[in-house]
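Shown here: model.cif, mmCIF, C-alpha atoms.
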data_upload
#
loop_
_atom_site.label_atom_id
_atom_site.label_comp_id
_atom_site.auth_asym_id
_atom_site.auth_seq_id
_atom_site.Cartn_x
_atom_site.Cartn_y
_atom_site.Cartn_z
CA MET H 242 -38.55 -159.14 -5.99
CA THR H 243 -39.66 -162.40 -7.58
CA SER H 244 -41.43 -162.47 -10.90
CA ARG H 245 -44.54 -163.61 -9.09
CA ASP H 246 -44.52 -160.31 -7.18
CA ALA H 247 -44.14 -158.38 -10.40
CA ALA H 248 -46.97 -160.28 -12.04
CA ALA H 249 -49.12 -159.67 -8.98
CA GLN H 250 -48.36 -155.98 -9.12
CA VAL H 251 -49.35 -155.78 -12.77
CA LYS H 252 -52.60 -157.56 -11.94
CA GLU H 253 -53.26 -155.20 -9.04
CA LEU H 254 -52.69 -152.15 -11.23
CA GLU H 255 -55.03 -153.53 -13.84
CA SER H 256 -57.77 -154.29 -11.31
CA LEU H 257 -57.33 -150.84 -9.77
CA ARG H 258 -57.90 -149.36 -13.21
CA ALA H 259 -60.94 -151.52 -13.92
CA GLU H 260 -62.41 -150.82 -10.49
CA LEU H 261 -61.90 -147.11 -11.07
CA GLU H 262 -63.83 -147.15 -14.32
CA ARG H 263 -66.62 -149.10 -12.68
CA THR H 264 -66.83 -146.82 -9.64
CA VAL H 265 -66.84 -143.56 -11.50
CA ASN H 266 -69.24 -144.75 -14.17
CA SER H 267 -71.76 -145.93 -11.63
CA ALA H 268 -71.23 -143.09 -9.14
CA ALA H 269 -74.51 -143.31 -7.31
CA VAL H 270 -76.15 -139.94 -6.89
CA PRO H 271 -77.63 -139.29 -3.46
CA ARG H 272 -81.23 -138.23 -3.91
CA TRP H 273 -81.21 -135.55 -1.25
CA ASN H 274 -78.74 -133.29 -2.95
CA ALA H 275 -79.95 -130.31 -4.86
CA ASP H 276 -77.20 -130.52 -7.44
CA PRO H 277 -76.55 -134.15 -8.34
CA GLU H 278 -73.96 -133.28 -10.92
CA GLU H 279 -71.86 -131.41 -8.41
CA VAL H 280 -71.98 -134.40 -6.05
CA GLN H 281 -70.93 -136.72 -8.83
CA ARG H 282 -68.09 -134.42 -9.72
CA SER H 283 -66.77 -134.19 -6.17
CA VAL H 284 -66.99 -137.96 -5.71
CA ALA H 285 -65.07 -138.38 -8.95
CA LYS H 286 -62.51 -135.82 -7.83
CA LEU H 287 -61.90 -137.57 -4.53
CA VAL H 288 -61.73 -141.06 -6.05
CA LEU H 289 -59.42 -139.96 -8.85
CA THR H 290 -57.16 -138.08 -6.46
CA LEU H 291 -56.71 -141.12 -4.25
CA VAL H 292 -56.11 -143.38 -7.23
CA GLU H 293 -53.54 -140.95 -8.60
CA PHE H 294 -51.86 -140.90 -5.19
CA LEU H 295 -51.63 -144.70 -5.19
CA ARG H 296 -50.47 -144.72 -8.80
CA GLN H 297 -47.61 -142.37 -8.03
CA LEU H 298 -46.64 -144.49 -5.03
CA LEU H 299 -46.54 -147.62 -7.20
CA GLU H 300 -44.63 -145.77 -9.88
CA ARG H 301 -41.99 -144.71 -7.39
CA GLN H 302 -41.71 -148.26 -6.13
CA ALA H 303 -41.39 -149.62 -9.68
CA ILE H 304 -38.62 -147.14 -10.48
CA ARG H 305 -36.77 -148.09 -7.30
CA ARG H 306 -36.99 -151.75 -8.26
CA MET H 307 -35.90 -151.03 -11.79
CA GLU H 308 -32.88 -149.16 -10.42
CA ALA H 309 -32.07 -152.03 -8.10
CA ASP H 310 -32.15 -154.38 -11.12
CA SER H 311 -34.66 -156.62 -9.43
CA LEU H 312 -36.99 -156.67 -12.42
CA THR H 313 -36.56 -158.48 -15.72
CA PRO H 314 -37.00 -156.42 -18.92
CA GLU H 315 -40.36 -158.12 -19.43
CA GLU H 316 -41.51 -157.13 -15.95
CA VAL H 317 -40.40 -153.52 -16.48
CA GLU H 318 -42.39 -153.43 -19.71
CA ALA H 319 -45.48 -154.97 -18.10
CA ILE H 320 -45.48 -152.70 -15.04
CA GLY H 321 -44.67 -149.63 -17.16
CA THR H 322 -47.56 -150.39 -19.48
CA ALA H 323 -49.96 -150.92 -16.59
CA LEU H 324 -48.92 -147.61 -14.97
CA MET H 325 -49.21 -145.78 -18.26
CA ARG H 326 -52.71 -147.16 -18.94
CA LEU H 327 -53.82 -146.30 -15.42
CA GLU H 328 -52.58 -142.73 -15.88
CA GLU H 329 -54.52 -142.47 -19.15
CA THR H 330 -57.64 -143.78 -17.46
CA VAL H 331 -57.33 -141.25 -14.63
CA ARG H 332 -56.86 -138.44 -17.13
CA ASP H 333 -59.74 -139.52 -19.38
CA LEU H 334 -62.19 -140.01 -16.52
CA GLY H 335 -61.13 -136.68 -15.04
CA ALA H 336 -61.71 -134.93 -18.34
CA ARG H 337 -65.23 -136.33 -18.44
CA PHE H 338 -65.93 -134.43 -15.21
CA GLY H 339 -64.06 -131.33 -16.32
CA LEU H 340 -61.18 -132.13 -13.97
CA LYS H 341 -57.67 -131.20 -15.00
CA PRO H 342 -54.65 -133.15 -13.67
CA GLU H 343 -53.83 -130.28 -11.29
CA ASP H 344 -57.34 -130.48 -9.82
CA LEU H 345 -56.55 -133.95 -8.53
CA ASN H 346 -55.12 -132.95 -5.21
CA LEU H 347 -56.22 -132.59 -1.63
CA ASP H 348 -55.41 -129.74 0.69
CA LEU H 349 -54.40 -131.33 3.97
CA GLY H 350 -54.27 -128.06 5.88
CA PRO H 351 -51.07 -127.64 7.87
CA LEU H 352 -49.64 -130.85 6.41
CA GLY H 353 -49.56 -129.35 2.94
CA ARG H 354 -50.97 -130.97 -0.16
CA LEU H 355 -51.40 -134.66 -0.79
CA LEU H 356 -49.56 -134.80 -4.14
CA MET J 82 -58.24 -141.51 18.96
CA THR J 83 -57.11 -144.55 20.92
CA PRO J 84 -53.86 -144.54 22.86
CA GLY J 85 -50.83 -145.43 20.79
CA LEU J 86 -47.09 -145.18 20.53
CA TYR J 87 -45.63 -141.96 19.20
CA VAL J 88 -42.37 -142.75 17.39
CA TYR J 89 -39.47 -140.31 17.74
CA ALA J 90 -36.61 -142.13 16.11
CA VAL J 91 -35.04 -145.38 15.03
CA LEU J 92 -31.72 -146.13 16.70
CA ALA J 93 -29.17 -148.93 16.84
CA THR J 94 -29.84 -151.72 19.32
CA GLY J 95 -28.62 -150.97 22.79
CA ALA J 96 -29.56 -147.30 22.55
CA ARG J 97 -30.95 -145.53 25.58
CA ALA J 98 -33.91 -143.21 25.80
CA ASP J 99 -33.96 -141.15 28.96
CA GLY J 100 -36.11 -138.18 29.69
CA THR J 101 -39.54 -137.28 28.48
CA GLY J 102 -41.34 -136.85 25.19
CA LEU J 103 -43.20 -133.92 23.73
CA ALA J 104 -46.29 -134.45 25.89
CA GLY J 105 -44.19 -134.95 29.02
CA GLU J 106 -44.60 -138.72 28.75
CA PRO J 107 -41.65 -140.95 29.70
CA LEU J 108 -39.62 -142.19 26.77
CA ARG J 109 -38.81 -145.82 26.30
CA ILE J 110 -37.03 -148.11 23.87
CA VAL J 111 -38.84 -150.78 21.88
CA PRO J 112 -36.42 -153.40 20.53
CA CYS J 113 -37.28 -154.21 16.91
CA GLY J 114 -34.91 -156.91 15.71
CA ASP J 115 -31.78 -155.21 14.45
CA PHE J 116 -32.93 -151.81 15.66
CA ALA J 117 -34.52 -150.01 18.53
CA ALA J 118 -37.27 -147.42 18.33
CA ALA J 119 -37.60 -144.56 20.79
CA VAL J 120 -41.28 -144.08 21.61
CA GLY J 121 -43.61 -142.45 24.07
CA GLU J 122 -47.15 -143.49 24.95
CA MET J 123 -49.77 -140.93 24.01
CA ASP J 124 -53.52 -140.74 24.25
CA ASP J 125 -53.89 -138.36 21.36
CA ALA J 126 -51.81 -137.41 18.39
CA PRO J 127 -50.27 -134.00 19.05
CA ALA J 128 -51.68 -131.01 17.21
CA VAL J 129 -49.59 -129.70 14.32
CA GLU J 130 -48.32 -126.36 15.54
CA ALA J 131 -45.00 -124.60 15.91
CA ARG J 132 -44.79 -125.47 19.61
CA THR J 133 -45.24 -129.22 19.16
CA LEU J 134 -42.98 -129.33 16.11
CA ARG J 135 -40.25 -127.68 18.15
CA ALA J 136 -40.89 -130.09 21.02
CA HIS J 137 -40.55 -133.06 18.66
CA ASP J 138 -37.26 -131.67 17.41
CA SER J 139 -35.86 -131.15 20.89
CA VAL J 140 -36.75 -134.71 21.91
CA VAL J 141 -34.97 -136.00 18.79
CA ARG J 142 -31.96 -133.79 19.54
CA ALA J 143 -31.77 -135.10 23.09
CA LEU J 144 -31.88 -138.68 21.79
CA ALA J 145 -29.14 -137.87 19.28
CA GLN J 146 -26.88 -136.74 22.12
CA SER J 147 -26.64 -140.25 23.49
CA ALA J 148 -26.76 -142.12 20.18
CA GLU J 149 -24.04 -142.31 17.54
CA ALA J 150 -26.60 -143.03 14.83
CA ILE J 151 -30.17 -141.80 14.75
CA LEU J 152 -32.91 -141.80 12.12
CA PRO J 153 -35.47 -139.23 13.24
CA ALA J 154 -39.09 -140.08 12.54
CA ARG J 155 -41.27 -137.47 10.93
CA PHE J 156 -43.50 -135.45 13.18
CA GLY J 157 -46.80 -137.15 13.95
CA CYS J 158 -45.81 -140.77 13.49
CA VAL J 159 -48.14 -142.87 15.68
CA VAL J 160 -48.55 -146.66 15.71
CA LYS J 161 -51.06 -148.80 17.56
CA ASP J 162 -48.68 -150.90 19.61
CA GLU J 163 -45.28 -152.58 19.68
CA ILE J 164 -46.42 -155.33 17.30
CA ALA J 165 -47.55 -152.81 14.70
CA LEU J 166 -44.24 -150.99 15.09
CA ARG J 167 -42.19 -154.15 14.52
CA ASP J 168 -44.38 -155.11 11.57
CA ALA J 169 -43.69 -151.75 10.00
CA LEU J 170 -39.94 -151.76 10.55
CA GLN J 171 -38.94 -155.36 9.98
CA PRO J 172 -39.63 -155.57 6.22
CA ARG J 173 -37.39 -152.55 5.74
CA ALA J 174 -34.54 -153.86 7.87
CA ARG J 175 -31.92 -153.65 5.15
CA GLU J 176 -32.86 -150.14 4.06
CA LEU J 177 -32.89 -148.91 7.66
CA GLY J 178 -29.59 -150.64 8.40
CA ASP J 179 -27.94 -148.87 5.46
CA ALA J 180 -29.40 -145.54 6.52
CA LEU J 181 -28.22 -145.98 10.12
CA ARG J 182 -24.70 -146.74 8.93
CA LEU J 183 -24.78 -143.65 6.72
CA VAL J 184 -25.78 -141.23 9.47
CA ARG J 185 -23.45 -142.61 12.15
CA GLY J 186 -21.58 -139.72 13.72
CA CYS J 187 -23.26 -137.22 11.41
CA GLU J 188 -25.68 -134.35 11.45
CA GLN J 189 -27.50 -132.39 8.79
CA MET J 190 -27.17 -128.92 7.32
CA THR J 191 -30.12 -127.59 5.34
CA VAL J 192 -29.37 -125.22 2.48
CA ARG J 193 -32.12 -123.20 0.82
CA VAL J 194 -31.27 -122.12 -2.68
CA TYR J 195 -32.85 -118.90 -3.96
CA GLY J 196 -32.77 -117.33 -7.37
CA ARG J 197 -34.66 -116.66 -10.54
CA ASP J 198 -36.30 -119.78 -11.84
CA ALA J 199 -34.99 -121.33 -15.05
CA ALA J 200 -31.77 -119.29 -14.67
CA GLY J 201 -29.63 -122.34 -14.17
CA ALA J 202 -32.35 -124.94 -14.38
CA PRO J 203 -31.47 -127.99 -16.36
CA ALA J 204 -32.99 -128.07 -19.82
CA ALA J 205 -35.18 -131.03 -20.61
CA GLU J 206 -32.41 -132.75 -22.53
CA PRO J 207 -33.05 -136.38 -23.35
CA ALA J 208 -29.98 -137.57 -21.44
CA ALA J 209 -27.80 -138.61 -24.34
CA ASP J 210 -25.45 -140.58 -22.14
CA GLU J 211 -28.08 -143.14 -21.35
CA PRO J 212 -28.47 -145.92 -23.87
CA MET J 213 -31.66 -145.91 -25.87
CA THR J 214 -33.84 -148.76 -24.87
CA PRO J 215 -35.10 -150.69 -27.85
CA ALA J 216 -37.95 -151.83 -25.63
CA GLY J 217 -41.68 -151.31 -25.66
CA PRO J 218 -43.79 -148.30 -24.69
CA GLY J 219 -44.14 -149.49 -21.10
CA THR J 220 -40.38 -149.43 -20.59
CA ASP J 221 -40.07 -146.05 -22.34
CA TYR J 222 -42.71 -144.68 -20.03
CA LEU J 223 -41.04 -145.91 -16.87
CA VAL J 224 -37.58 -144.75 -18.00
CA SER J 225 -38.87 -141.26 -18.81
CA ARG J 226 -40.48 -141.07 -15.38
CA GLN J 227 -37.23 -142.15 -13.82
CA ARG J 228 -35.42 -139.28 -15.60
CA GLU J 229 -38.04 -136.77 -14.54
CA ARG J 230 -37.73 -137.82 -10.92
CA ARG J 231 -33.95 -137.74 -11.10
CA ARG J 232 -34.04 -134.22 -12.51
CA ALA J 233 -36.28 -133.14 -9.65
CA ARG J 234 -33.46 -134.07 -7.27
CA GLU J 235 -30.70 -132.26 -9.10
CA VAL J 236 -29.50 -128.80 -8.15
CA PRO J 237 -26.93 -127.69 -10.76
CA GLU J 238 -27.08 -124.18 -9.27
CA LEU J 239 -24.72 -125.40 -6.54
CA ASP J 240 -22.14 -126.87 -8.93
CA PRO J 241 -19.74 -123.88 -8.61
CA ILE J 242 -19.32 -124.48 -4.87
CA ARG J 243 -19.46 -128.26 -4.68
CA SER J 244 -15.71 -128.76 -4.75
CA ALA J 245 -15.26 -126.30 -1.88
CA LEU J 246 -17.77 -128.25 0.22
CA SER J 247 -16.75 -131.74 -0.83
CA MET J 248 -14.31 -132.19 2.05
CA LEU J 249 -17.15 -131.70 4.53
CA VAL J 250 -20.15 -133.25 2.84
CA ARG J 251 -20.54 -137.00 3.15
CA GLU J 252 -23.88 -137.31 1.41
CA GLU J 253 -26.46 -135.08 -0.21
CA ARG J 254 -30.22 -135.15 -0.65
CA ALA J 255 -32.01 -132.48 -2.62
CA GLN J 256 -35.48 -131.46 -3.62
CA ARG J 257 -36.42 -128.82 -6.18
CA HIS J 258 -39.35 -126.55 -5.38
CA ARG J 259 -41.82 -124.80 -7.60
CA THR J 260 -42.11 -121.76 -5.36
CA PRO J 261 -39.70 -119.11 -6.66
CA PRO J 262 -37.61 -117.46 -5.46
CA LEU J 263 -37.04 -120.67 -3.45
CA LEU J 264 -35.59 -123.02 -6.07
CA ALA J 265 -34.45 -125.97 -4.03
CA SER J 266 -33.60 -127.39 -0.64
CA VAL J 267 -30.34 -129.25 -0.32
CA TYR J 268 -29.54 -131.41 2.68
CA HIS J 269 -25.91 -132.11 3.47
CA LEU J 270 -24.75 -134.79 5.84
CA ILE J 271 -21.66 -133.60 7.70
CA GLY J 272 -19.62 -134.91 10.61
CA ARG J 273 -20.87 -133.87 14.02
CA GLY J 274 -19.26 -130.69 15.25
CA GLN J 275 -18.41 -129.40 11.78
CA ALA J 276 -21.37 -127.06 11.37
CA ALA J 277 -19.36 -123.89 12.03
CA VAL J 278 -16.66 -124.87 9.54
CA TYR J 279 -19.36 -125.74 7.04
CA GLN J 280 -21.07 -122.36 7.45
CA GLU J 281 -17.79 -120.54 7.05
CA THR J 282 -16.85 -122.52 3.94
CA LEU J 283 -20.28 -122.01 2.41
CA THR J 284 -20.25 -118.26 3.04
CA ARG J 285 -16.80 -117.94 1.50
CA ALA J 286 -17.67 -120.07 -1.53
CA ALA J 287 -21.06 -118.48 -2.11
CA ALA J 288 -19.48 -115.51 -3.90
CA ALA J 289 -18.99 -117.84 -6.88
CA LEU J 290 -22.72 -118.39 -7.20
CA GLY J 291 -23.57 -115.16 -8.99
CA ALA J 292 -27.27 -114.37 -8.87
CA VAL J 293 -28.09 -117.48 -6.85
CA ARG J 294 -28.30 -117.00 -3.09
CA VAL J 295 -27.97 -119.67 -0.44
CA SER J 296 -28.69 -119.77 3.25
CA ALA J 297 -27.87 -122.67 5.51
CA SER J 298 -29.41 -123.69 8.80
CA GLY J 299 -28.32 -126.34 11.22
CA PRO J 300 -26.96 -128.50 12.56
CA TRP J 301 -30.12 -130.63 12.52
CA PRO J 302 -30.63 -134.28 13.29
CA PRO J 303 -30.46 -136.08 9.92
CA TYR J 304 -34.18 -135.75 9.10
CA ALA J 305 -33.66 -135.84 5.33
CA PHE J 306 -31.69 -139.07 5.50
CA THR J 307 -34.39 -141.18 7.11
CA PRO J 308 -35.93 -143.50 4.52
CA GLU J 309 -39.25 -142.20 3.24
CA THR J 310 -42.40 -143.09 5.17
CA LEU J 311 -40.59 -144.56 8.13
CA VAL J 312 -43.69 -146.04 9.69
#
Translate this file's structure into structure tokens.
Amino acid sequence: MTSRDAAAQVKELESLRAELERTVNSAAVPRWNADPEEVQRSVAKLVLTLVEFLRQLLERQAIRRMEADSLTPEEVEAIGTALMRLEETVRDLGARFGLKPEDLNLDLGPLGRLL
Amino acid sequence: MTPGLYVYAVLATGARADGTGLAGEPLRIVPCGDFAAAVGEMDDAPAVEARTLRAHDSVVRALAQSAEAILPARFGCVVKDEIALRDALQPRARELGDALRLVRGCEQMTVRVYGRDAAGAPAAEPAADEPMTPAGPGTDYLVSRQRERRRAREVPELDPIRSALSMLVREERAQRHRTPPLLASVYHLIGRGQAAVYQETLTRAAAALGAVRVSASGPWPPYAFTPETLV
């Protein structure tokens, strides 16, 4: 992996985090629902679950690259920091909706659970 | 869903795919650079049920009979067309090449490890043998995640019988589970035709395991040795 890839990945992680904050904060509430808070909570749950899924995927990839020595120490630090901050954001936003880390999962029926 | 290609396995170039797939469709080979993929055309993705899972497995087994090296795809792997298939495989050429070399002439035994949780589970020791990284918090974070993931693939419960099996086992994959009494699944890559010897050796050695119980099934095509998310 070139350092441009690593820099791009850091940028992507950061924009994913920013986008997440924006989405959840502005979660539009459909007017027709009787319980707007419940809708907001389930939207947040779904969004956070998918983001956490992506985050874990990127984390796995980063670890693989670290093990393959294809990252410089600076890149490891930058990607690690971005992943750590994204995890904090997911946890904080979840807490605001009363969602614990173990709530962020999807039951995929016969295929098991997403995370 | 629109018609697509159901992927059964990745094989070496020059492999043949005779017979039919799990929906009775004819099998064919799609050349993908350094590899070949065995596929069948399907209108709909098959339903996930015991019958179709077994059918997938028997198609893979039939393919394995005429191929020295086979990387079985997971059940339910459908791509749009040949172009999409090549696009998915080509970037991972090196990884797939290594995996194909590894499984050549081999099959898989699956060992379930049962016991009381935490009995022999590794303590969360901070891995003293690894050098401390005088780096920043980002590096610390990633390194601690790496250790966690590594621990999730370790099965120290089997240590007492590893030397007995070492003559047979060419490679191991393992996954811990959080569903006691099932503690872990261990996948052993062994030479084709050695399943009976493996079973015998395992049964004999298992006495050394104390409270931990093991049960092995197989031989299977090397499902656990296919790189993750094949397509």
Subject >> Residues near J:Ile110, cut-off 7 Å, only C-alpha atoms, skip fewer than 4 positions along chain, as a VMD selection string >> reply: chain J and resid 97 to 98 117 to 120
**OP:** Considering all atoms listed in the file, extract the chain J residues located within 12 Å of chain H and return them as a PyMOL selection string.
**Re:** chain J and resi 128-131+134+155-157+214-231+309-310
Subject >> Answer as number ranges by chain, residues within 9 Å of (-32.0, -120.1, 6.1) using only C-alpha atoms >> reply: J: 191-193, 295-299
Original post:
Can you list, as a PyMOL selection string, the residues that the PyMOL selection byres ((chain H and resi 282-288) around 10) selects here?
Top reply: chain H and resi 261+264-266+268-270+277-281+289-294+331+334-335+337-341+344-347
Original post:
atom CA of J:Leu108 and atom CA of J:Val140 are how many Å apart?
Top reply: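 Atom-to-atom, atom CA of J:Leu108 and atom CA of J:Val140 are spaced 9.4 Å apart.
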Original post:
By how many Å are atom CA of J:Thr260 and atom CA of H:Glu328 apart?
Top reply: 25.7 Å
**OP:** Just give me the gap between atom CA of J:Ala148 and atom CA of J:Pro308 in Å, one decimal is fine.
**Re:**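 Value for the atom CA of J:Ala148-atom CA of J:Pro308 distance: 18.2 Å.
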Original post:
Could you name the residues that touch J:Arg142 at 8 Å or less, counting only C-alpha atoms, but leaving out those on the same chain fewer than 4 positions away, as a VMD selection string?
Top reply: chain J and resid 138 146 301 to 302
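Of the listed residues J:Thr101, J:Gln171, J:Ser266, J:Ser147, the one whose atoms come nearest to J:Phe116 is J:Gln171, with distances taken using only C-alpha atoms.
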**OP:** Just say which residues the PyMOL selection byres ((chain J and resi 187) around 6) picks in this file, as number ranges by chain.
**Re:** J: 184-186, 188, 271-273
Original post:
Hey, what's within 10 Å of stretch 239-241 of chain J if we count only C-alpha atoms and toss same-chain stuff fewer than 5 positions away? As a list in words, please?
Top reply: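 That gives Val194, Gly201, Val267, Ala286, Ala287, Ala288, Ala289, Leu290, Gly291, Val293, Arg294 and Val295 of chain J.
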**OP:** Please write the residues picked by the PyMOL selection byres ((chain J and resi 303) around 9) on this file as a PyMOL selection string.
**Re:** chain J and resi 151-153+184+187-190+268-270+300-302+304-307
Original post:
Which one of J:Asp168, J:Ala104, J:Ala174, J:Leu249 sits closest to J:Leu283 if you count all atoms listed in the file?
Top reply: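 Closest to J:Leu283, using all atoms listed in the file: J:Leu249.
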Can you fill out stretch 291-305 of chain H with N, CA and C atoms and hand it back as a PDB file, keeping the file's coordinate frame?
ATOM      1  N   LEU H 291     -57.301-140.031  -5.023  1.00  0.00           N
ATOM      2  CA  LEU H 291     -56.710-141.120  -4.250  1.00  0.00           C
ATOM      3  C   LEU H 291     -56.056-142.148  -5.158  1.00  0.00           C
ATOM      4  N   VAL H 292     -56.703-142.429  -6.291  1.00  0.00           N
ATOM      5  CA  VAL H 292     -56.110-143.380  -7.230  1.00  0.00           C
ATOM      6  C   VAL H 292     -54.785-142.841  -7.773  1.00  0.00           C
ATOM      7  N   GLU H 293     -54.767-141.546  -8.084  1.00  0.00           N
ATOM      8  CA  GLU H 293     -53.540-140.950  -8.600  1.00  0.00           C
ATOM      9  C   GLU H 293     -52.431-140.996  -7.542  1.00  0.00           C
ATOM     10  N   PHE H 294     -52.823-140.797  -6.283  1.00  0.00           N
ATOM     11  CA  PHE H 294     -51.860-140.900  -5.190  1.00  0.00           C
ATOM     12  C   PHE H 294     -51.242-142.304  -5.149  1.00  0.00           C
ATOM     13  N   LEU H 295     -52.113-143.317  -5.197  1.00  0.00           N
ATOM     14  CA  LEU H 295     -51.630-144.700  -5.190  1.00  0.00           C
ATOM     15  C   LEU H 295     -50.765-144.987  -6.418  1.00  0.00           C
ATOM     16  N   ARG H 296     -51.212-144.467  -7.561  1.00  0.00           N
ATOM     17  CA  ARG H 296     -50.470-144.720  -8.800  1.00  0.00           C
ATOM     18  C   ARG H 296     -49.053-144.172  -8.691  1.00  0.00           C
ATOM     19  N   GLN H 297     -48.937-142.958  -8.146  1.00  0.00           N
ATOM     20  CA  GLN H 297     -47.610-142.370  -8.030  1.00  0.00           C
ATOM     21  C   GLN H 297     -46.725-143.147  -7.056  1.00  0.00           C
ATOM     22  N   LEU H 298     -47.371-143.676  -5.996  1.00  0.00           N
ATOM     23  CA  LEU H 298     -46.640-144.490  -5.030  1.00  0.00           C
ATOM     24  C   LEU H 298     -46.087-145.743  -5.708  1.00  0.00           C
ATOM     25  N   LEU H 299     -46.954-146.402  -6.504  1.00  0.00           N
ATOM     26  CA  LEU H 299     -46.540-147.620  -7.200  1.00  0.00           C
ATOM     27  C   LEU H 299     -45.477-147.319  -8.245  1.00  0.00           C
ATOM     28  N   GLU H 300     -45.608-146.150  -8.869  1.00  0.00           N
ATOM     29  CA  GLU H 300     -44.630-145.770  -9.880  1.00  0.00           C
ATOM     30  C   GLU H 300     -43.247-145.584  -9.237  1.00  0.00           C
ATOM     31  N   ARG H 301     -43.246-144.923  -8.084  1.00  0.00           N
ATOM     32  CA  ARG H 301     -41.990-144.710  -7.390  1.00  0.00           C
ATOM     33  C   ARG H 301     -41.341-146.042  -7.012  1.00  0.00           C
ATOM     34  N   GLN H 302     -42.194-146.952  -6.524  1.00  0.00           N
ATOM     35  CA  GLN H 302     -41.710-148.260  -6.130  1.00  0.00           C
ATOM     36  C   GLN H 302     -41.138-149.015  -7.342  1.00  0.00           C
ATOM     37  N   ALA H 303     -41.846-148.929  -8.474  1.00  0.00           N
ATOM     38  CA  ALA H 303     -41.390-149.620  -9.680  1.00  0.00           C
ATOM     39  C   ALA H 303     -40.045-149.067 -10.135  1.00  0.00           C
ATOM     40  N   ILE H 304     -39.887-147.746 -10.055  1.00  0.00           N
ATOM     41  CA  ILE H 304     -38.620-147.140 -10.480  1.00  0.00           C
ATOM     42  C   ILE H 304     -37.481-147.589  -9.557  1.00  0.00           C
ATOM     43  N   ARG H 305     -37.794-147.623  -8.246  1.00  0.00           N
ATOM     44  CA  ARG H 305     -36.770-148.090  -7.300  1.00  0.00           C
ATOM     45  C   ARG H 305     -36.336-149.515  -7.641  1.00  0.00           C
TER      46      ARG H 305
END
